[in-house]
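Below is one structure, written out as structure tokens; the observations come after it.
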Amino acid sequence: MSKSIPTREDNYSEWYNEIVKRADLAEHSPVRGCMVIKPYGFAIWEKMQKALDDMFKETGHQNAYFPLFVPKSFLELEEQHAEGFAKECAVVTHYRLKSNPDGKGLIVDENSRLEEPLVVRPTSEAVIWHSYKNWIQSWRDLPVLINQWSNVVRWEMRTRLFLRTSEFLWQEGHTAHETEAEALEETGKMLGVYAEFVEQWMAVPVLQGVKTASERFAGAIDTYCIEALMQDGKALQAGTSHFLGQNFARSFDVKFVNKENELDYPWATSWGVSTRLIGALIMAHSDDKGLVLPPKLAPIQVVIVPIFRTDEDLAKINEKVEPLLAELKAKGIPYKYDDDDKYKPGYKFAEYELKGVPVRMAIGLRDLENGTIELARRDELSKQTLPFDGIVGHIESLLAEIQQNLYDRALSFREANTFSVDTWDAFKARIEQGGFVLAHWDGTDETEEKIKQETKATIRLIPLNSIEMAGKCVYSGKESAKRVVFARAY
RNA sequence: CGGGGUGUAGCGCAGCCUGGUAGCGCGCACCGUUCGGGACGGUGAGGUCGGAGGUUCAAAUCCUCUCACCCCGACCA
């Protein structure tokens, strides 16, 4: 294995792939477009899950689990939905194999054809709304606030580790409400939860807004989203929250009796984030030396490397370090004491840098004499020697500082790469450079499509709370009420 | 689906053009010296060359077919 990683400047996608592999996050599986998430990568996902799950519970949701298989007829019920997902569905048509009469191996037993094909869920609206028909009879049954942690399969043309895989892990919230206002409030609330998570935990600033019709979730009235800017200037959709109106209720014939004793259709939302967030995390913070993790999501926040030659040396260091480890444990700071004698310190240093551990400490005999410890931070790649006593207090504030520093850094980057343009020439030039481009748009699908064809840029979102400032569409010159955000995207 | 590429030891690759004992680096095992930024020397283990056919005295190498994966596009979270 070579020791250097391709740089971001040389080849961004190669750099990305190398980080994923070298930091031991994931690897390609034998199945096209699928990945094996390795323990270190999965530990990050578990941290994400924990934080998000707490936030979902906090906002009144419960977890449930619905089946992997969706009868084809269910998927067909909501027309837009069916059309949107049809092209990327894995379909189960048989339930049995048999030995190949011609020789070795197994073949599909044609006698086991299913009466109705089962679609491996690309998303669960269909199965879930089928259940909701039985769950919802009265306004007293509402709201239904359900979340599910699951895997889904979308047979994508082109895949990339974490960013787009045929199978991915995610959570999907599916709620039903008495009124439109309530459902809209839910949609906004969950978008807010996502924004808070991505900014506070992942240390990645996001823009919030609503998608244009062409980028809308299949079957939704409106799709709200958060968008983040990656270091190569491309945008990444980090989460979506959909206002589904009464579309699914009507399609699945879910009705309830309201307070006025009238039959009505409940109003729905759905919202999700996926393991793609790990891709976002990598591309937002990491550098040419490897992964950089925000402390709040780092499986190991602090690693301590003893520098020793002999068992006696190690014993002395162990003795010194023991109370420190106990204190870290008591404070709930995930740490690793790496007293493994199979690798040398230099090797370990490089390894933990590759894995993005936020804080690294080294302690050797020299430190024992001086009452010091060496402390290095991953975000700035700096190190200093500090008094051993009281080091845990220092670590605590340092972890908070690193978390904040990563966010600030990403925010400055985004600000430095967000531009307003008013002419078509300026637009084209700017899009080439990457970044978010704020420009006027006439609101038509045709213009949006033309811009996409000519520049590969899409409208990432229409900002929610931006000031209305009329102008002329950058492409057609027609009237526009406010600027929208363009970018090339993942 | 279009374009490009790759399948040879656990990983990364050379060998193929011009057929003739399957090689290198890393990793791995053992021994010794090392150990505060990816150590060094020595010894050693490890491969039916993606698969199937064909040509040939002889195929990793030539021919045909096939499978898989990766990268770049179109599609998407």
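Identifiers in the structure tokens: chain A, B, ... in order shown; residue index from 1 per chain; ligand index from 1 in order shown.
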Handout entry: Near-region 17-29 of chain B list (9 Å; only C-alpha atoms (C1' of nucleotides); drop same-chain fewer than 4 positions) as a ChimeraX atom specification
Key = /A:1-2 /B:8,10-13,44-47,49,56,58-62
Practice task
Using only C-alpha atoms (C1' of nucleotides), find the residues of chain B whose closest atom to chain A is at most 12 Å away, then write them as a ChimeraX atom specification.
Solution key: /B:1,10-13,25-27,34-39,68-77
Handout entry: Secondary structure check, strand (DSSP E) residues of region 258-291 of chain A, as number ranges by chain
Key = A: 263-264, 267-274
Practice task
Extract, using only C-alpha atoms (C1' of nucleotides), all DNA, RNA and protein residues at most 9 Å from Thr59 (chain A), discarding same-chain residues fewer than 3 positions from it, and format them as a PyMOL selection string.
Solution key: chain A and resi 54-56+189-190+193
Practice task
Can you pull out every residue within 12 Å of Ser476 (chain A), counting only C-alpha atoms (C1' of nucleotides), but drop anything in the same chain fewer than 3 positions away, and send it as a list in words?
Solution key: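 Listing them by chain and then by number gives Asp422, Thr423, Trp424, Ala439, His440, Trp441, Asp442, Gly443, Thr444, Asp445, Glu446, Thr447, Glu448, Lys450, Ile451, Gly471, Lys472, Cys473, Glu479 and Ser480 of chain A.
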Practice task
Between CA of Ala426 (chain A) and CA of Ala284 (chain A), measure the distance and give it in Å to one decimal.
Solution key: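 Between these atoms lies a distance of 26.2 Å.
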Exercise for the section: Enumerate as a VMD selection string all residues of region 190-296 of chain A assigned to helix (DSSP H, G or I) by DSSP on the backbone, naming them with the chain letters and numbers the document uses. Expected result: chain A and resid 190 to 201 213 to 215 247 to 251 276 to 285 295 to 296
Practice task
Measuring atom to atom with only C-alpha atoms, identify which of A:Asn247, A:Gln433, A:Ser166, A:Asn17 is nearest to Ile5 (chain A).
Solution key: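 Of A:Asn247, A:Gln433, A:Ser166, A:Asn17, the one nearest Ile5 (chain A) is A:Asn17, counting only C-alpha atoms.
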Exercise for the section: Tell me, as a count of residues only, which residues lie within 10 Å of His94 (chain A), counting only C-alpha atoms (C1' of nucleotides); anything in the same chain fewer than 2 positions away does not count. Expected result: 15
Practice task
Please measure the separation of CA of Ser412 (chain A) and CA of Val303 (chain A), giving the value in Å to one decimal.
Solution key: 28.8 Å
Exercise for the section: Name all residues at most 12 Å from Gln171 (chain A) (count only C-alpha atoms (C1' of nucleotides); drop same-chain ones fewer than 6 positions away) and give them as a ChimeraX atom specification. Expected result: /A:45,48-50,52-53,56,62-66,123-124,146-152,194,239-241,270-277 /B:77
May I have the selected residues written with N, CA and C atoms (P, O5', C5', C4', C3', O3' and C1' of nucleotides), as a compact mmCIF listing (two decimals), in the first residue's frame?
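Writing done, so here's part_25.txt:
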```
# COMPACT_ATOMS: atom_id res chain seq x y z
N TRP A 45 -21.87 5.99 11.43
CA TRP A 45 -23.30 5.92 11.16
C TRP A 45 -24.11 5.73 12.46
N MET A 48 -24.43 8.94 14.17
CA MET A 48 -25.44 9.76 13.49
C MET A 48 -26.83 9.29 13.86
N GLN A 49 -27.01 7.99 13.80
CA GLN A 49 -28.32 7.43 14.12
C GLN A 49 -28.77 7.82 15.52
N LYS A 50 -27.84 7.71 16.45
CA LYS A 50 -28.16 7.99 17.84
C LYS A 50 -28.64 9.43 18.00
N LEU A 52 -29.71 11.55 15.68
CA LEU A 52 -30.96 11.81 14.95
C LEU A 52 -32.14 11.15 15.65
N ASP A 53 -31.94 9.91 16.06
CA ASP A 53 -33.03 9.19 16.70
C ASP A 53 -33.51 9.92 17.95
N PHE A 56 -35.60 12.73 16.81
CA PHE A 56 -36.93 12.30 16.34
C PHE A 56 -37.84 12.01 17.53
N GLN A 62 -42.11 7.89 16.84
CA GLN A 62 -41.81 6.55 17.31
C GLN A 62 -41.23 5.75 16.16
N ASN A 63 -40.39 4.79 16.51
CA ASN A 63 -39.85 3.93 15.46
C ASN A 63 -40.73 2.71 15.22
N ALA A 64 -40.77 2.28 13.99
CA ALA A 64 -41.48 1.06 13.64
C ALA A 64 -40.71 0.43 12.48
N TYR A 65 -41.16 -0.72 12.07
CA TYR A 65 -40.48 -1.35 10.94
C TYR A 65 -41.49 -1.97 9.98
N PHE A 66 -41.33 -1.64 8.71
CA PHE A 66 -42.20 -2.17 7.66
C PHE A 66 -41.37 -3.05 6.73
N THR A 123 -38.32 3.11 -1.36
CA THR A 123 -38.80 4.00 -0.32
C THR A 123 -40.10 3.36 0.14
N SER A 124 -40.60 3.76 1.30
CA SER A 124 -41.68 2.94 1.87
C SER A 124 -43.07 3.56 1.90
N ILE A 146 -44.42 8.35 12.62
CA ILE A 146 -43.61 7.13 12.59
C ILE A 146 -42.29 7.38 11.86
N ASN A 147 -41.25 6.77 12.42
CA ASN A 147 -39.97 6.77 11.71
C ASN A 147 -39.52 5.33 11.56
N GLN A 148 -38.80 5.08 10.49
CA GLN A 148 -38.24 3.73 10.31
C GLN A 148 -36.78 3.85 9.90
N TRP A 149 -35.93 3.03 10.55
CA TRP A 149 -34.52 2.91 10.13
C TRP A 149 -34.46 1.68 9.25
N SER A 150 -33.97 1.83 8.06
CA SER A 150 -33.99 0.68 7.17
C SER A 150 -32.97 0.81 6.04
N ASN A 151 -32.98 -0.19 5.21
CA ASN A 151 -32.21 -0.12 3.96
C ASN A 151 -33.20 0.02 2.81
N VAL A 152 -32.80 0.64 1.75
CA VAL A 152 -33.62 0.70 0.55
C VAL A 152 -32.71 0.44 -0.65
N TYR A 194 -33.14 18.32 10.59
CA TYR A 194 -32.02 17.94 9.73
C TYR A 194 -30.96 19.03 9.69
N GLY A 239 -30.47 16.28 2.88
CA GLY A 239 -31.68 15.75 3.51
C GLY A 239 -32.90 16.35 2.85
N THR A 240 -34.00 15.60 2.88
CA THR A 240 -35.23 16.12 2.28
C THR A 240 -36.41 15.89 3.21
N SER A 241 -37.35 16.80 3.13
CA SER A 241 -38.59 16.70 3.90
C SER A 241 -39.72 17.03 2.93
N SER A 270 -43.27 13.03 4.45
CA SER A 270 -42.23 12.02 4.63
C SER A 270 -40.89 12.74 4.56
N TRP A 271 -39.89 12.17 5.21
CA TRP A 271 -38.60 12.86 5.29
C TRP A 271 -37.50 11.84 5.54
N GLY A 272 -36.33 12.12 5.02
CA GLY A 272 -35.27 11.13 5.16
C GLY A 272 -33.87 11.68 5.02
N VAL A 273 -32.96 11.03 5.70
CA VAL A 273 -31.53 11.23 5.45
C VAL A 273 -30.88 9.85 5.40
N SER A 274 -29.76 9.77 4.73
CA SER A 274 -29.17 8.46 4.48
C SER A 274 -27.68 8.42 4.81
N THR A 275 -27.10 7.27 4.55
CA THR A 275 -25.66 7.10 4.74
C THR A 275 -24.87 8.04 3.81
N ARG A 276 -25.57 8.68 2.89
CA ARG A 276 -24.92 9.71 2.08
C ARG A 276 -24.31 10.79 2.97
N LEU A 277 -24.90 10.98 4.15
CA LEU A 277 -24.35 12.00 5.05
C LEU A 277 -22.89 11.73 5.38
P A B 77 -33.71 12.07 -5.90
O5' A B 77 -33.11 11.45 -4.56
C5' A B 77 -33.63 11.92 -3.32
C4' A B 77 -32.52 12.05 -2.32
C3' A B 77 -31.29 12.81 -2.83
O3' A B 77 -30.68 13.56 -1.82
C1' A B 77 -30.69 10.64 -2.18
```
Problem - For U64 (chain B): contacts at 12 Å, only C-alpha atoms (C1' of nucleotides), fewer than 6 positions along chain excluded, given as a PyMOL selection string - result: chain B and resi 52-55
Practice task
Tell me, in Å to one decimal, how far CA of Thr212 (chain A) is from CA of Ile278 (chain A).
Solution key: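 Distance reported for this atom pair: 25.6 Å.
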Exercise for the section: Return the single residue from A:Lys47, A:His285, A:His130, A:Lys72 that is closest to Leu411 (chain A), with distances computed using only C-alpha atoms. Expected result: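 Result for the nearest residue to Leu411 (chain A): A:His285.
Closest to Ser138 (chain A) among A:Ala481, A:Ile431, A:Ala315, A:Leu263 is A:Leu263, based on only C-alpha atoms.
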Give me the region 8-127 of chain A side of the contact with region 286-294 of chain A, cut-off 7 Å, one line per residue showing its nearest atom pair and distance in Å at one decimal, counting only C-alpha atoms, sorted by chain and residue number, as CSV.
```
residue,atom,partner,partner_atom,distance
A:Arg8,CA,A:Asp288,CA,6.5
A:Ile19,CA,A:Gly290,CA,5.8
A:Ala23,CA,A:Leu291,CA,6.7
```
Using only all heavy atoms, please write the residues we just selected to a file, as a compact mmCIF listing (two decimals), in the first residue's frame.
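Done, and the output landed in selection.txt:
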```
# COMPACT_ATOMS: atom_id res chain seq x y z
N ARG A 8 -6.60 16.41 -3.19
CA ARG A 8 -7.91 16.88 -3.64
C ARG A 8 -7.78 17.64 -4.94
O ARG A 8 -8.62 17.54 -5.82
CB ARG A 8 -8.53 17.80 -2.57
CG ARG A 8 -9.01 17.05 -1.36
CD ARG A 8 -9.21 17.96 -0.19
NE ARG A 8 -7.93 18.47 0.32
CZ ARG A 8 -7.82 19.28 1.34
NH1 ARG A 8 -8.89 19.72 1.95
NH2 ARG A 8 -6.65 19.67 1.76
N ILE A 19 -9.85 8.05 0.58
CA ILE A 19 -10.17 8.33 1.99
C ILE A 19 -11.10 7.25 2.53
O ILE A 19 -10.89 6.72 3.62
CB ILE A 19 -10.87 9.71 2.13
CG1 ILE A 19 -9.94 10.83 1.68
CG2 ILE A 19 -11.36 9.93 3.56
CD1 ILE A 19 -9.01 11.34 2.72
N ALA A 23 -9.31 5.06 5.32
CA ALA A 23 -9.77 5.31 6.69
C ALA A 23 -10.61 4.13 7.18
O ALA A 23 -11.13 4.14 8.28
CB ALA A 23 -10.58 6.59 6.75
```
